[in-house]
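Colleague: Below you'll find the structure I mean.
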Amino acid sequence: MTRLFAWIKRHFRRIILASGVLVLLAAAFLYVWIFQGLPPIEQFEAGLKLPSTRIYDRNGALLYEISPPEQGRSTPLELDEIPQHCVDAFVATEDANFWSHPGVDIEGIARALWINLRGGEVVAGGSTITQQAARLLLLDPNQQAERTLQRKLKEAVLALQLQNLLSKEEVLTLYLNQVYFGNLAYGLEAGARAYFGKSALDLSLPECALLAGIAQNAIYYDPLTNFEGAKDRQEVALRLMVESGYIDQETADAAAKDELQFGSTPFPIDAPHFVMAVWKQLERTYPEQLYGGGLDVVTTVDARWQQTAQTIVRQQLSFLNHPAPGAGVPANANNAAVVAMDPYTGQILTMLGSPDYFDETIDGAVNAALALRQPGSALKPFTYAAAMNPELADPYTAATMILDVETPFITRKLESYTPANYGQVEHGPVLVREALASSYNIPAVVALEHLGLRNFVQFMENIGLENLAQNTDVDLSITLGGGEVRLIDLVGAYSIFPNGGYRLQPQYILSVTDHDGNVLYEWQQAPLTQQVLDERIAYIITDILSDNNARLPSFGLNSPLNIGRPAAAKTGTTTDFRDNWVVGYTPNLVVGVWVGNADNTPMVEVTGISGAGPIYHHFMRQVLLGQPELDFQRPDGLTRTTVCSLSGMLPTVNCPHTQVEWFIPGTEPTEEDTFYQVFDIGRQTGLLATEDTPAEDIVQQTFIVLPQEARDWGVRNGLRQPPLGAIVSAPDDEDALRLLEPDPYTVFELSPIVPIQTQRLRLTVGVPEGTQQVTYYMDDVAIGTVDAAPWDLWWVLELGDHELVAEAVLEDGSTARSEPIPFGVVEYDPPQSQTIPPNQ
């Protein structure tokens with residue numbers, strides 16, 4: 001150790017000199033590393049110039065041009081023109097120490113790191129407002145996109161220089177006039193007009209907080225497409241304002257509860273909703289080129305078709321809302337959307353998100369083509385298509401008979417669910433062709449139960465309706481629209497029918513070229529490879545949806561679904577009239593129409609056929625005018641078989657009505673019809689002939705024998721019943737004894753003001769052939785026995801949870817026992833608001 005100290009002492013001057021040289025070299029390297037290529041601070045004004053990006057339709061018509069601020073959507077404001085709560089919101093959210101630091105805030109960086117680590121997400125940023133302004137104005141797009149220490153140090157140096165050159169107020173003004181809010185809006189004034197349809201001078205505290213919150217990532221937190229995310233950011237901004245002392249907690253809570261009203265003001269643009277969608281895609285794909293010289297973008301949309309859609313939509317909404325005297329009441333239908341897509345390429349030819357993008361009274365800036373809405377019956381074709389899968393144990397066909405009668409179902413929550421048709425009308429036994437084409441509700445739920453929810457959900461995911469597939473609350477009502485979809489996705493899903501079963505991805509862009517003429521992207525036709533549906537099923541569904549006779553019972557002969565050429569179409573209407581739809585297609589075009597209100601208020605008696613139907617009809621006719629009429633091409637591997645129109649089985653001589661249906665080989669019916677049965681009737685008595693009836697008095701008559709579940713329907717609808725004593729059997733009468741009434745898991749109410757003996761419940765069963773007697777057991781206690789059809793028994797309601805079982809004695813003396821049905825009876829407790837005061 002002594003020698004070491006001695007050596008250091010002898011060479012001390014040399015050590016100091018070498019250390020100094022190393023420090024100088026390190027400092028020189030650091031200086032060059034940071035300052036080389038650093039733009040002069042005086043050039044910050046050059047950064048105010050924005051590049052020009054031009055977006056065209058497929059035929060070269062200009063849709064929108066992103067212009068420099070002085071020519072486009074960026075109106076500079078002076079700081080004293082901006083509401084103070086806006087200034088406070090941005091400072092609190094982006095740079096709490098802005099007024100005290102010299103341009104770089106070490107404390108703020110540490111604070112942001114702590115907040116982000118504590119919250120598990122990026123809530124606050126580390127860059128000061130001065131740093132962000134320097135980055136926006138002085139660094140090129142490549143440098144802005146870098147996430148390196150060198151970039152941060154350069155940014156910090158520029159921020160210090162900028163702060164020395166300008167006052168705090170001038171820096172903040174620059175930032176507020178340059179920050180990007182998405183939807184082509186640069187600066188606070190443009191952001192205010194883009195989202196709220198007003199000047200920044202008129203922004204309220206809740207509106208300022210929302211804009212301050214989304215500025216950190218305006219594309220992701222766009223309130224028009226991600227309202228929940230934007231609302232969360234607004235609450236973050238309000239909380240930070242409280243922490244910074246700008247407002248108190250009570251003011252923040254009131255601002256968070258304030259209902260935001262979105263709207264936009266006009267600027268030169270065609271197909272605005274489509275342009276916004278394209279712009280977001282460009283921001284994700286070409287961020288550097290987009291902001292570094294501009295791009296020429298040719299899109300898939302046809303501006304002429306777009307204008308046609310807008311004109312037709314406005315005319316139809318006006319017709320609905322301003323009926324002629326005596327022709328009805330105003331429909332309160334203020335919004336609509338139209339999407340047209342090529343089913344073989346996925347190219348979007350039309351995307352109309354609302355009748356008027358700039359009408360804030362209808363939330364016109366909201367793109368309804370990309371919004372989640374309930375589809376109503378528009379999902380039924382997918383239910384039947386999935387049920388026709390020939391790989392299933394018992395696949396459906398177009399001739400499968402389904403009973404369209406009141407039918408109870410048990411949900412996953414063990415609740416009773418009894419769907420009803422539109423207008424509460426039941427149609428008895430119907431074939432799938434009529435059930436789908438006429439949009440009957442009950443058969444669709446029967447089909448879904450037959451298919452199974454798991455198979456249906458998987459099919460929804462396969463065809464691109466992932467939002468439905470991810471819904472954890474999905475149940476049998478999903479086939480009637482008990483979920484949410486986007487119009488763009490629904491149109492894409494329908495494309496599987498005309499294109500032979502292939503899933504598509506929507507295409508927005510045909511080509512992208514930079515300012516030097518270099519082609520960055522060019523769309524190329526790729527072969528369809530992702531087949532999600534057997535092409536034979538796709539054709540059968542198309543054949544049904546284009547069958548005007550099959551939809552005659554519900555829509556009549558001359559409905560808007562007829563467009564004067566081969567076309568298939570399906571309507572959708574929600575039960576509360578909040579949404580109605582038509583999605584239809586020809587062999588080379590799929591069009592979807594939605595009508596409703598952006599604020600989800602109900603319309604007045606507007607259905608898919610009366611609301612969306614005329615828009616679909618007129619749009620299809622106009623855009624296809626002059627184009628050749630194309631027929632749907634039938635694939636190989638289908639056979640035709642004649643079936644009885646009532647039962648779907650092979651016809652006998654007794655079946656008066658037949659039809660020819662398409663089948664996948666192996667799914668054709670093999671049994672003869674048993675609905676039409678012949679009985680010997682006594683001419684004099686009209687009763688079943690006996691051995692004592694003279695031969696000359698016996699006549700043969702044909703009766704329709706329905707499955708037991710439909711016999712009540714037959715009686716109600718005046719269907720002539722088989723004679724008493726006749727031994728009848730129907731094609732789907734099962735060997736098992738089954739309870740038909742009451743519905744499982746139903747809860748009945750017992751009124752304390754009505755005589756107890758009048759509050760009765762009808763118990764009925766479906767019995768196997770040869771049944772001689774049926775005994776009903778309530779909670780394991782026999783409550784009555786019946787020995788003749790219709791095998792029903794009336795039971796007086798008793799409070800409590802109950803379990804009903806039926807037991808049948810068969811012809812050979814054996815017995816059959818039904819599965820139990822649970823249900824409950826509770827005392828009726830009228831709401832206080834419904835209590836009628838005395839003497840009123």
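By order in the structure tokens, chains are A, B, ...; within a chain, residues start at 1; ligands start at 1, following the order shown.
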For the structure I just gave you, how does DSSP split range 385-626 of chain A - specifically, which residues are alpha helix (DSSP H)? Reply as a count of residues only.

Modeller: 68

Colleague: For Ser511 in chain A, find every residue with an atom within 9 Å (counting only C-alpha atoms), except residues of its own chain fewer than 3 positions away, and show them as a short mmCIF file (atom, residue, chain, number, x, y, z; two decimals) with N, CA, C and O atoms, in the first residue's frame.

Modeller:
```
data_model
loop_
_atom_site.label_atom_id
_atom_site.label_comp_id
_atom_site.auth_asym_id
_atom_site.auth_seq_id
_atom_site.Cartn_x
_atom_site.Cartn_y
_atom_site.Cartn_z
N ASP A 296 -50.23 10.43 -51.50
CA ASP A 296 -51.39 10.33 -52.37
C ASP A 296 -52.01 8.95 -52.13
O ASP A 296 -51.36 7.93 -52.37
N VAL A 297 -53.25 8.96 -51.65
CA VAL A 297 -53.91 7.72 -51.25
C VAL A 297 -55.15 7.51 -52.10
O VAL A 297 -56.07 8.34 -52.09
N VAL A 298 -55.18 6.41 -52.85
CA VAL A 298 -56.36 6.05 -53.64
C VAL A 298 -57.12 5.00 -52.84
O VAL A 298 -56.57 3.95 -52.48
N THR A 299 -58.38 5.27 -52.55
CA THR A 299 -59.17 4.39 -51.71
C THR A 299 -60.13 3.54 -52.54
O THR A 299 -60.24 3.70 -53.75
N VAL A 519 -44.27 4.04 -54.94
CA VAL A 519 -45.46 3.31 -54.52
C VAL A 519 -45.15 2.56 -53.23
O VAL A 519 -44.33 1.65 -53.21
N LEU A 520 -45.80 2.96 -52.17
CA LEU A 520 -45.59 2.33 -50.87
C LEU A 520 -46.51 1.12 -50.68
O LEU A 520 -46.18 0.21 -49.93
N TYR A 521 -47.66 1.16 -51.33
CA TYR A 521 -48.61 0.05 -51.20
C TYR A 521 -49.49 0.03 -52.43
O TYR A 521 -49.89 1.07 -52.96
N GLU A 522 -49.79 -1.18 -52.89
CA GLU A 522 -50.74 -1.35 -53.98
C GLU A 522 -51.53 -2.62 -53.73
O GLU A 522 -50.94 -3.70 -53.56
N TRP A 523 -52.85 -2.50 -53.69
CA TRP A 523 -53.69 -3.66 -53.42
C TRP A 523 -53.60 -4.66 -54.55
O TRP A 523 -53.61 -4.31 -55.73
#
```

Colleague: Quick one: residues within 12 Å of Leu392 in chain A, only C-alpha atoms counted, chain neighbours fewer than 6 positions away excluded, as a PyMOL selection string?

Modeller: chain A and resi 385-386+450-452+455+666-667

Colleague: With N, CA, C and O atoms retained, write the just-selected residues as a PDB file, in the first residue's frame.

Modeller:
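Written out: selection28.pdb:
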```pdb
ATOM      1  N   ALA A 385     -77.559 -21.505 -41.185  1.00  0.00           N
ATOM      2  CA  ALA A 385     -76.398 -21.981 -41.944  1.00  0.00           C
ATOM      3  C   ALA A 385     -75.554 -22.914 -41.083  1.00  0.00           C
ATOM      4  O   ALA A 385     -75.113 -23.979 -41.546  1.00  0.00           O
ATOM      5  N   ALA A 386     -75.312 -22.519 -39.840  1.00  0.00           N
ATOM      6  CA  ALA A 386     -74.523 -23.371 -38.946  1.00  0.00           C
ATOM      7  C   ALA A 386     -75.246 -24.678 -38.647  1.00  0.00           C
ATOM      8  O   ALA A 386     -74.621 -25.740 -38.524  1.00  0.00           O
ATOM      9  N   HIS A 450     -81.140 -26.493 -31.091  1.00  0.00           N
ATOM     10  CA  HIS A 450     -80.732 -27.732 -31.753  1.00  0.00           C
ATOM     11  C   HIS A 450     -79.236 -27.710 -32.071  1.00  0.00           C
ATOM     12  O   HIS A 450     -78.526 -28.701 -31.883  1.00  0.00           O
ATOM     13  N   LEU A 451     -78.756 -26.564 -32.560  1.00  0.00           N
ATOM     14  CA  LEU A 451     -77.343 -26.416 -32.924  1.00  0.00           C
ATOM     15  C   LEU A 451     -76.447 -26.411 -31.703  1.00  0.00           C
ATOM     16  O   LEU A 451     -75.378 -27.038 -31.695  1.00  0.00           O
ATOM     17  N   GLY A 452     -76.857 -25.707 -30.670  1.00  0.00           N
ATOM     18  CA  GLY A 452     -76.029 -25.549 -29.481  1.00  0.00           C
ATOM     19  C   GLY A 452     -75.309 -24.208 -29.484  1.00  0.00           C
ATOM     20  O   GLY A 452     -74.749 -23.792 -30.503  1.00  0.00           O
ATOM     21  N   ASN A 455     -71.509 -24.190 -30.551  1.00  0.00           N
ATOM     22  CA  ASN A 455     -71.273 -24.265 -32.002  1.00  0.00           C
ATOM     23  C   ASN A 455     -71.596 -22.948 -32.679  1.00  0.00           C
ATOM     24  O   ASN A 455     -70.890 -22.508 -33.594  1.00  0.00           O
ATOM     25  N   GLY A 666     -77.281 -37.073 -48.677  1.00  0.00           N
ATOM     26  CA  GLY A 666     -77.253 -37.708 -47.367  1.00  0.00           C
ATOM     27  C   GLY A 666     -78.153 -37.043 -46.356  1.00  0.00           C
ATOM     28  O   GLY A 666     -78.381 -37.590 -45.272  1.00  0.00           O
ATOM     29  N   THR A 667     -78.679 -35.852 -46.683  1.00  0.00           N
ATOM     30  CA  THR A 667     -79.566 -35.146 -45.747  1.00  0.00           C
ATOM     31  C   THR A 667     -81.021 -35.168 -46.213  1.00  0.00           C
ATOM     32  O   THR A 667     -81.884 -34.585 -45.553  1.00  0.00           O
TER      33      THR A 667
END
```

Colleague: Using only C-alpha atoms, which protein or nucleic acid residues come within 8 Å of Ala89 in chain A? Drop anything in the same chain fewer than 3 positions from it, and give the result as an mmCIF file with N, CA, C and O atoms, in the first residue's frame.

Modeller:
```
data_model
loop_
_atom_site.group_PDB
_atom_site.id
_atom_site.type_symbol
_atom_site.label_atom_id
_atom_site.label_comp_id
_atom_site.auth_asym_id
_atom_site.auth_seq_id
_atom_site.Cartn_x
_atom_site.Cartn_y
_atom_site.Cartn_z
ATOM 1 N N HIS A 85 -59.888 27.345 -17.791
ATOM 2 C CA HIS A 85 -59.970 25.939 -17.370
ATOM 3 C C HIS A 85 -59.371 25.003 -18.418
ATOM 4 O O HIS A 85 -58.963 23.903 -18.089
ATOM 5 N N CYS A 86 -59.315 25.436 -19.685
ATOM 6 C CA CYS A 86 -58.622 24.630 -20.699
ATOM 7 C C CYS A 86 -57.117 24.673 -20.474
ATOM 8 O O CYS A 86 -56.427 23.646 -20.543
ATOM 9 N N ALA A 92 -52.152 20.719 -16.066
ATOM 10 C CA ALA A 92 -52.239 19.694 -15.021
ATOM 11 C C ALA A 92 -52.007 18.303 -15.584
ATOM 12 O O ALA A 92 -51.378 17.458 -14.941
ATOM 13 N N THR A 93 -52.509 18.045 -16.783
ATOM 14 C CA THR A 93 -52.423 16.700 -17.365
ATOM 15 C C THR A 93 -51.061 16.429 -17.998
ATOM 16 O O THR A 93 -50.501 15.338 -17.848
ATOM 17 N N CYS A 208 -63.003 20.602 -21.942
ATOM 18 C CA CYS A 208 -61.560 20.852 -21.890
ATOM 19 C C CYS A 208 -60.826 19.664 -21.281
ATOM 20 O O CYS A 208 -59.759 19.257 -21.757
ATOM 21 N N ALA A 209 -61.404 19.094 -20.227
ATOM 22 C CA ALA A 209 -60.765 17.953 -19.579
ATOM 23 C C ALA A 209 -60.687 16.760 -20.520
ATOM 24 O O ALA A 209 -59.686 16.032 -20.539
ATOM 25 N N ALA A 212 -57.923 17.501 -23.090
ATOM 26 C CA ALA A 212 -56.617 17.380 -22.446
ATOM 27 C C ALA A 212 -56.274 15.918 -22.196
ATOM 28 O O ALA A 212 -55.116 15.503 -22.324
ATOM 29 N N ALA A 237 -57.743 13.555 -16.217
ATOM 30 C CA ALA A 237 -57.427 14.978 -16.309
ATOM 31 C C ALA A 237 -58.064 15.748 -15.154
ATOM 32 O O ALA A 237 -57.422 16.622 -14.548
ATOM 33 N N LEU A 238 -59.313 15.440 -14.832
ATOM 34 C CA LEU A 238 -59.986 16.127 -13.730
ATOM 35 C C LEU A 238 -59.308 15.828 -12.398
ATOM 36 O O LEU A 238 -59.158 16.719 -11.547
ATOM 37 N N MET A 241 -56.197 17.855 -12.180
ATOM 38 C CA MET A 241 -56.502 19.260 -11.913
ATOM 39 C C MET A 241 -56.769 19.478 -10.429
ATOM 40 O O MET A 241 -56.386 20.510 -9.858
#
```

Colleague: Looking at A:Met341, A:Val590, A:Val512, A:Ala256, which one is nearest to Thr285 in chain A, with distances taken over only C-alpha atoms?

Modeller: A:Val512
